[in-house]
Amino acid sequence: MVGKTGERPSRDALASRLIQACFLVSLVVVWYLAATRWGVNRLLLPNPLAVYDNLLDILQSGEFIDDLNTTLGELAVAFAISVTCGLTLGYLISRSSYWIEVFDPLFAAIYSIPIILFLPLFVLFFGLGPPSKIALGASISFFPIVINTIAGFGHVDRLLVMAARSMGASNYHLFHHVLLPAALPVILTGLRMGFTTALLSIIGSETLASLAGLGHRIVHLAEAMEMARMFAYIVFVVAIAVTLNTIVSTLEARGRRN
Amino acid sequence: MVAAAPRRGFAGRVLMRRPWLARLIVITALFALWEIAARGFVDPLFLSPPSQVIASLDSVFGTRGVPAALQLTLFELTVAFVLAVAIGLVLGLAIGLQPLVRRSFFPIVLLLYGMPQVTILPLFILFFGIGAASKIAFGVTHGMFPVTVTVVAGVQNLKPILLIGARSMGASRWQIFRYVIFPHMVPSFFAGMRLGMSGVLLGVLLAELYVSIAGIGYFTTLFTQNFDPTKLLGLIGVLAVMAIVLNAVVRRAEAHFARWRTE
């Protein structure tokens with residue numbers, strides 16, 4: 001049970017770090033034993049050492065660069081589109097409480113649809129190349145951005161706006177000194193969510209139907225039954241995704257503080 | 001914010017008072033735009049007008065195997081959701097109730113939650129085959145982490161004095177869970193169920209679209225390859241409505257069970 005309320009930070013932190021390390025190490029050991037001793041099929045679970053060798057090979061040979069460029073390029077374009085559209089539309093709608101009431105439920109309802117459903121349609125429109133991934137990523141990440149922009153700009157304290165107005169603030173001053181600082185934390189959260197979902201959906205759509213990119217590479221290796229190399233690529237992609245998400249979260253936290 | 005300037009005229013006043021009417025007009029306008037685009041500007045091989053899609057809905061359901069595929073997908077969603085909630089709840093309680101365990105394993109759960117699981121989709125197919133099992137498994141791994149995270153957060157917010165109070169009055173472990181922990185957990189638990197629902201939807205549909213022999217994914221692929229946008233749009237539309245309804249149901253339940261907080 002919850003019990004103790006007294007915090008003993010340093011010792012407890014050390015203990016939990018130790019537990020985490022033990023957990024991860026035992027995971028790898030179990031994986032190693034399962035692959036080498038317990039006779040789990042090599043096609044299902046490759047030897048972790050082989051995975052490690054493949055990972056080194058991928059990093060040293062630089063064969064990942066083309067796929068990485070494809071994926072990151074798609075991500076950049078998709079995110080740029082959804083940010084531009086989401087911020088603009090969100091700001092325009094947030095200018096009137098009436099439009100907020102009209103559009104907010106609409107966006108919320110569409111947001112609850114798993115837009116990945118429309119991937120076949122996008123593939124039909126845009127083909128198997130990057131455009132269909134960009135379209136999917138942009139339309140998925142548009143919704144968290146626009147919803148949070150509306151929420152951010154739409155719920156600024158009226159008193160602040162009136163006070164600024166009565167002191168003679170121009171539209172620009174009002175936006176720069178009142179609206180933007182008040183709305184920024186919520187908008188940044190929307191941008192972070194949008195980025196994460198864009199990344200996820202682009203890798204996902206590459207996995208489902210594509211000609212290039214990191215997701216495609218993993219599927220290709222799975223079909224070729226090169227399990228060790230596929231695991232290595234999975235580790236690589238997960239590392240990149242975690243790094244990108246961490247960077248974005250850090251930027252969000254920094255933006256909130258300022 | 002700044003209210004829109006009041007419009008003159010009867011229609012304007014009616015609209016001002018009923019935002020849902022304006023919403024309906026926006027939706028209708030979008031459909032009209034789609035209709036015009038499909039009839040006049042876009043190759044019918046790629047897009048068909050909504051009137052045609054709606055008119056051909058019964059032919060979608062009449063396609064041999066589609067009702068069974070919808071049923072199978074719904075079955076996969078249900079099983080995956082139940083499993084995800086059960087596993088997430090147990091995991092969340094196991095992690096959340098003891099501070100040391102929470103500090104040790106909660107970061108790992110958060111890390112797993114943030115991982116793009118779609119990268120390991122081919123593994124699920126290898127492990128569980130191309131049938132329903134792999135879809136259910138992939139849905140479960142997408143749905144269980146949001147449930148776990150919210151349950152841990154809900155348990156964490158519990159005031160220790162309530163637990164101490166209950167225990168000092170001689171409550172058993174089960175009674176503490178039933179009358180102290182559970183009611184406190186309910187609002188965040190339902191929020192987690194909503195997030196878990198969208199996770200399960202995402203996971204099952206991803207796996208369906210990746211490879212499918214009998215579910216929805218099989219037919220979306222079939223209609224795409226046959227360049228039959230009418231049926232494809234009809235099927236996607238049905239699934240989208242299904243997703244909206246499922247979400248609304250969980251949202252209602254969430255609002256219903258969170259009531260006691262505000263009363």
# chains A, B, ... in the order shown; residues from 1 in each chain; ligands from 1
call {"tool": "residues_around", "arguments": {"residues": "Arg229 in chain A", "least_positions_apart": "6", "cutoff": "12 Å", "atoms": "only C-alpha atoms", "output": "PDB file with N, CA and C atoms, in the first residue's frame"}}
result
ATOM      1  N   LEU A  43      14.159 -17.720 -36.281  1.00  0.00           N
ATOM      2  CA  LEU A  43      13.343 -16.820 -37.102  1.00  0.00           C
ATOM      3  C   LEU A  43      12.412 -15.971 -36.255  1.00  0.00           C
ATOM      4  N   LEU A  45      13.221 -15.242 -32.797  1.00  0.00           N
ATOM      5  CA  LEU A  45      14.012 -14.476 -31.836  1.00  0.00           C
ATOM      6  C   LEU A  45      15.498 -14.663 -32.144  1.00  0.00           C
ATOM      7  N   PRO A  46      16.114 -13.696 -32.828  1.00  0.00           N
ATOM      8  CA  PRO A  46      17.528 -13.839 -33.155  1.00  0.00           C
ATOM      9  C   PRO A  46      18.405 -13.606 -31.919  1.00  0.00           C
ATOM     10  N   ASN A  47      19.622 -14.083 -32.025  1.00  0.00           N
ATOM     11  CA  ASN A  47      20.592 -13.905 -30.945  1.00  0.00           C
ATOM     12  C   ASN A  47      20.891 -12.415 -30.756  1.00  0.00           C
ATOM     13  N   PRO A  48      20.827 -11.914 -29.504  1.00  0.00           N
ATOM     14  CA  PRO A  48      21.080 -10.485 -29.289  1.00  0.00           C
ATOM     15  C   PRO A  48      22.467 -10.041 -29.775  1.00  0.00           C
ATOM     16  N   LEU A  49      23.450 -10.968 -29.705  1.00  0.00           N
ATOM     17  CA  LEU A  49      24.792 -10.600 -30.179  1.00  0.00           C
ATOM     18  C   LEU A  49      24.776 -10.348 -31.682  1.00  0.00           C
ATOM     19  N   ALA A  50      24.015 -11.192 -32.417  1.00  0.00           N
ATOM     20  CA  ALA A  50      23.904 -10.991 -33.860  1.00  0.00           C
ATOM     21  C   ALA A  50      23.226  -9.661 -34.162  1.00  0.00           C
ATOM     22  N   VAL A  51      22.208  -9.341 -33.361  1.00  0.00           N
ATOM     23  CA  VAL A  51      21.520  -8.060 -33.543  1.00  0.00           C
ATOM     24  C   VAL A  51      22.497  -6.910 -33.340  1.00  0.00           C
ATOM     25  N   TYR A  52      23.313  -7.042 -32.291  1.00  0.00           N
ATOM     26  CA  TYR A  52      24.288  -5.993 -31.985  1.00  0.00           C
ATOM     27  C   TYR A  52      25.275  -5.830 -33.146  1.00  0.00           C
ATOM     28  N   ASP A  53      25.776  -6.965 -33.679  1.00  0.00           N
ATOM     29  CA  ASP A  53      26.700  -6.899 -34.824  1.00  0.00           C
ATOM     30  C   ASP A  53      26.053  -6.193 -36.005  1.00  0.00           C
ATOM     31  N   ASN A  54      24.783  -6.556 -36.273  1.00  0.00           N
ATOM     32  CA  ASN A  54      24.082  -5.948 -37.394  1.00  0.00           C
ATOM     33  C   ASN A  54      23.892  -4.450 -37.195  1.00  0.00           C
ATOM     34  N   LEU A  55      23.589  -4.083 -35.946  1.00  0.00           N
ATOM     35  CA  LEU A  55      23.400  -2.661 -35.650  1.00  0.00           C
ATOM     36  C   LEU A  55      24.679  -1.889 -35.943  1.00  0.00           C
ATOM     37  N   LEU A  56      25.807  -2.440 -35.477  1.00  0.00           N
ATOM     38  CA  LEU A  56      27.104  -1.794 -35.744  1.00  0.00           C
ATOM     39  C   LEU A  56      27.334  -1.674 -37.247  1.00  0.00           C
ATOM     40  N   ASP A  57      27.015  -2.763 -37.940  1.00  0.00           N
ATOM     41  CA  ASP A  57      27.235  -2.783 -39.383  1.00  0.00           C
ATOM     42  C   ASP A  57      26.393  -1.713 -40.081  1.00  0.00           C
ATOM     43  N   ILE A  58      25.123  -1.611 -39.649  1.00  0.00           N
ATOM     44  CA  ILE A  58      24.230  -0.613 -40.253  1.00  0.00           C
ATOM     45  C   ILE A  58      24.783   0.784 -40.020  1.00  0.00           C
ATOM     46  N   LEU A  59      25.221   1.032 -38.780  1.00  0.00           N
ATOM     47  CA  LEU A  59      25.703   2.376 -38.453  1.00  0.00           C
ATOM     48  C   LEU A  59      26.990   2.691 -39.201  1.00  0.00           C
ATOM     49  N   PHE A  64      21.712   3.269 -43.813  1.00  0.00           N
ATOM     50  CA  PHE A  64      20.434   3.771 -43.305  1.00  0.00           C
ATOM     51  C   PHE A  64      20.139   5.174 -43.800  1.00  0.00           C
ATOM     52  N   ARG A 217      11.875  -0.379 -44.821  1.00  0.00           N
ATOM     53  CA  ARG A 217      13.064  -1.218 -44.655  1.00  0.00           C
ATOM     54  C   ARG A 217      12.796  -2.362 -43.679  1.00  0.00           C
ATOM     55  N   ILE A 218      12.103  -2.054 -42.580  1.00  0.00           N
ATOM     56  CA  ILE A 218      11.819  -3.085 -41.582  1.00  0.00           C
ATOM     57  C   ILE A 218      10.929  -4.183 -42.185  1.00  0.00           C
ATOM     58  N   VAL A 219       9.894  -3.750 -42.894  1.00  0.00           N
ATOM     59  CA  VAL A 219       8.993  -4.740 -43.503  1.00  0.00           C
ATOM     60  C   VAL A 219       9.746  -5.581 -44.530  1.00  0.00           C
ATOM     61  N   HIS A 220      10.589  -4.908 -45.308  1.00  0.00           N
ATOM     62  CA  HIS A 220      11.356  -5.607 -46.328  1.00  0.00           C
ATOM     63  C   HIS A 220      12.223  -6.698 -45.702  1.00  0.00           C
ATOM     64  N   LEU A 221      12.892  -6.357 -44.595  1.00  0.00           N
ATOM     65  CA  LEU A 221      13.737  -7.339 -43.917  1.00  0.00           C
ATOM     66  C   LEU A 221      12.897  -8.456 -43.309  1.00  0.00           C
ATOM     67  N   ALA A 222      11.701  -8.111 -42.820  1.00  0.00           N
ATOM     68  CA  ALA A 222      10.829  -9.143 -42.252  1.00  0.00           C
ATOM     69  C   ALA A 222      10.422 -10.135 -43.334  1.00  0.00           C
ATOM     70  N   GLU A 223      10.130  -9.590 -44.520  1.00  0.00           N
ATOM     71  CA  GLU A 223       9.721 -10.483 -45.605  1.00  0.00           C
ATOM     72  C   GLU A 223      10.885 -11.338 -46.084  1.00  0.00           C
ATOM     73  N   VAL A 235      15.642  -1.460 -33.397  1.00  0.00           N
ATOM     74  CA  VAL A 235      16.349  -0.735 -32.332  1.00  0.00           C
ATOM     75  C   VAL A 235      16.735   0.658 -32.820  1.00  0.00           C
ATOM     76  N   PHE A 236      17.252   0.716 -34.042  1.00  0.00           N
ATOM     77  CA  PHE A 236      17.692   1.986 -34.626  1.00  0.00           C
ATOM     78  C   PHE A 236      16.524   2.972 -34.732  1.00  0.00           C
TER      79      PHE A 236
END
call {"tool": "select_by_dssp", "arguments": {"residues": "range 96-194 of chain B", "states": "alpha helix (DSSP H)", "output": "number ranges by chain"}}
result
B: 96, 99-114, 121-128, 132-156, 160-168, 173-176, 182-194
call {"tool": "write_last_selection", "arguments": {"atoms": "C-alpha atoms", "output": "mmCIF file, in the first residue's frame"}}
result
data_model
loop_
_atom_site.group_PDB
_atom_site.id
_atom_site.type_symbol
_atom_site.label_atom_id
_atom_site.label_comp_id
_atom_site.auth_asym_id
_atom_site.auth_seq_id
_atom_site.Cartn_x
_atom_site.Cartn_y
_atom_site.Cartn_z
ATOM 1 C CA GLY B 96 1.059 2.509 -8.642
ATOM 2 C CA PRO B 99 6.209 4.027 -4.201
ATOM 3 C CA LEU B 100 9.409 2.091 -4.801
ATOM 4 C CA VAL B 101 7.862 -0.052 -7.528
ATOM 5 C CA ARG B 102 6.314 3.036 -9.063
ATOM 6 C CA ARG B 103 9.571 4.942 -9.174
ATOM 7 C CA SER B 104 11.337 1.939 -10.660
ATOM 8 C CA PHE B 105 8.882 0.743 -13.274
ATOM 9 C CA PHE B 106 6.784 3.770 -14.160
ATOM 10 C CA PRO B 107 9.580 5.313 -16.276
ATOM 11 C CA ILE B 108 9.873 2.025 -18.149
ATOM 12 C CA VAL B 109 6.125 2.009 -18.809
ATOM 13 C CA LEU B 110 6.294 5.620 -20.023
ATOM 14 C CA LEU B 111 9.190 4.746 -22.287
ATOM 15 C CA LEU B 112 7.288 1.808 -23.774
ATOM 16 C CA TYR B 113 4.173 3.975 -24.138
ATOM 17 C CA GLY B 114 6.150 6.551 -26.105
ATOM 18 C CA LEU B 121 4.227 -4.860 -36.304
ATOM 19 C CA PRO B 122 5.987 -7.441 -38.565
ATOM 20 C CA LEU B 123 7.105 -9.255 -35.397
ATOM 21 C CA PHE B 124 3.514 -9.586 -34.227
ATOM 22 C CA ILE B 125 2.593 -11.176 -37.525
ATOM 23 C CA LEU B 126 5.520 -13.595 -37.189
ATOM 24 C CA PHE B 127 4.611 -14.501 -33.621
ATOM 25 C CA PHE B 128 0.833 -14.646 -33.882
ATOM 26 C CA ALA B 132 -7.189 -12.511 -35.660
ATOM 27 C CA ALA B 133 -4.645 -13.251 -32.918
ATOM 28 C CA SER B 134 -2.026 -10.838 -34.227
ATOM 29 C CA LYS B 135 -4.608 -8.018 -34.525
ATOM 30 C CA ILE B 136 -5.816 -8.615 -30.992
ATOM 31 C CA ALA B 137 -2.267 -8.738 -29.634
ATOM 32 C CA PHE B 138 -1.286 -5.538 -31.431
ATOM 33 C CA GLY B 139 -4.450 -3.819 -30.215
ATOM 34 C CA VAL B 140 -3.727 -4.921 -26.636
ATOM 35 C CA THR B 141 -0.186 -3.532 -26.640
ATOM 36 C CA HIS B 142 -1.505 -0.222 -27.992
ATOM 37 C CA GLY B 143 -4.350 -0.013 -25.506
ATOM 38 C CA MET B 144 -2.831 -1.238 -22.253
ATOM 39 C CA PHE B 145 -0.234 1.480 -21.693
ATOM 40 C CA PRO B 146 -2.602 4.466 -21.615
ATOM 41 C CA VAL B 147 -4.771 2.533 -19.141
ATOM 42 C CA THR B 148 -1.729 1.692 -17.000
ATOM 43 C CA VAL B 149 -0.476 5.270 -17.020
ATOM 44 C CA THR B 150 -3.810 6.768 -16.010
ATOM 45 C CA VAL B 151 -4.423 4.145 -13.307
ATOM 46 C CA VAL B 152 -0.980 4.877 -11.829
ATOM 47 C CA ALA B 153 -1.734 8.604 -11.950
ATOM 48 C CA GLY B 154 -5.141 8.050 -10.341
ATOM 49 C CA VAL B 155 -3.763 5.940 -7.509
ATOM 50 C CA GLN B 156 -0.955 8.405 -6.968
ATOM 51 C CA PRO B 160 -2.545 8.936 2.336
ATOM 52 C CA ILE B 161 -4.731 10.099 5.210
ATOM 53 C CA LEU B 162 -7.694 8.288 3.671
ATOM 54 C CA LEU B 163 -5.758 5.021 3.601
ATOM 55 C CA ILE B 164 -4.471 5.475 7.136
ATOM 56 C CA GLY B 165 -7.952 6.368 8.299
ATOM 57 C CA ALA B 166 -9.501 3.312 6.674
ATOM 58 C CA ARG B 167 -6.815 1.021 8.021
ATOM 59 C CA SER B 168 -6.983 2.360 11.545
ATOM 60 C CA ARG B 173 -7.275 -4.991 2.072
ATOM 61 C CA TRP B 174 -10.284 -5.711 -0.086
ATOM 62 C CA GLN B 175 -12.399 -3.113 1.711
ATOM 63 C CA ILE B 176 -9.666 -0.510 1.275
ATOM 64 C CA PHE B 182 -11.535 2.293 -6.408
ATOM 65 C CA PRO B 183 -13.799 5.367 -6.128
ATOM 66 C CA HIS B 184 -10.780 7.634 -6.373
ATOM 67 C CA MET B 185 -9.445 5.804 -9.346
ATOM 68 C CA VAL B 186 -12.677 5.810 -11.324
ATOM 69 C CA PRO B 187 -12.470 9.202 -13.094
ATOM 70 C CA SER B 188 -8.919 8.731 -14.297
ATOM 71 C CA PHE B 189 -9.639 5.080 -15.023
ATOM 72 C CA PHE B 190 -12.367 6.058 -17.455
ATOM 73 C CA ALA B 191 -10.148 8.692 -19.021
ATOM 74 C CA GLY B 192 -7.635 5.890 -19.473
ATOM 75 C CA MET B 193 -10.313 3.668 -20.967
ATOM 76 C CA ARG B 194 -11.053 6.349 -23.555
#
call {"tool": "closest_residue", "arguments": {"among": "B:Ala29, B:Ala37, B:Ala171, B:Leu246", "to": "chain A", "atoms": "only C-alpha atoms"}}
result
B:Leu246
call {"tool": "interface_residues", "arguments": {"of": "chain B", "to": "chain A", "cutoff": "7 Å", "atoms": "only C-alpha atoms", "output": "ChimeraX atom specification"}}
result
/B:1-4,19-20,22-23,46,97-100,103-105,115-116,118-120,122,126-127,160,201-202,209-210,220,224,236,240,243-244,247
call {"tool": "atom_distance", "arguments": {"atom1": "CA of Ser56 in chain B", "atom2": "CA of Gly234 in chain B"}}
result
7.5 Å
call {"tool": "atom_distance", "arguments": {"atom1": "CA of Gly152 in chain A", "atom2": "CA of Leu87 in chain A"}}
result
10.6 Å
call {"tool": "residues_around", "arguments": {"residues": "Trp31 in chain A", "least_positions_apart": "3", "cutoff": "10 Å", "atoms": "only C-alpha atoms", "output": "VMD selection string"}}
result
chain A and resid 25 to 28 34 to 38 40 45 to 48
call {"tool": "residues_around", "arguments": {"residues": "Ile134 in chain A", "least_positions_apart": "6", "cutoff": "7 Å", "atoms": "only C-alpha atoms", "output": "VMD selection string"}}
result
chain A and resid 74 to 75 77 to 78
call {"tool": "write_last_selection", "arguments": {"atoms": "N, CA, C and O atoms", "output": "short mmCIF file (atom, residue, chain, number, x, y, z; two decimals), in the first residue's frame"}}
result
data_model
loop_
_atom_site.label_atom_id
_atom_site.label_comp_id
_atom_site.auth_asym_id
_atom_site.auth_seq_id
_atom_site.Cartn_x
_atom_site.Cartn_y
_atom_site.Cartn_z
N GLU A 74 9.77 13.37 -45.30
CA GLU A 74 8.32 13.29 -45.23
C GLU A 74 7.80 13.93 -43.95
O GLU A 74 6.83 14.70 -43.96
N LEU A 75 8.49 13.62 -42.85
CA LEU A 75 8.07 14.16 -41.56
C LEU A 75 8.12 15.68 -41.57
O LEU A 75 7.18 16.35 -41.13
N VAL A 77 8.00 17.84 -44.13
CA VAL A 77 6.97 18.46 -44.97
C VAL A 77 5.60 18.33 -44.31
O VAL A 77 4.83 19.30 -44.22
N ALA A 78 5.29 17.10 -43.83
CA ALA A 78 3.97 16.88 -43.22
C ALA A 78 3.77 17.79 -42.02
O ALA A 78 2.72 18.41 -41.87
#
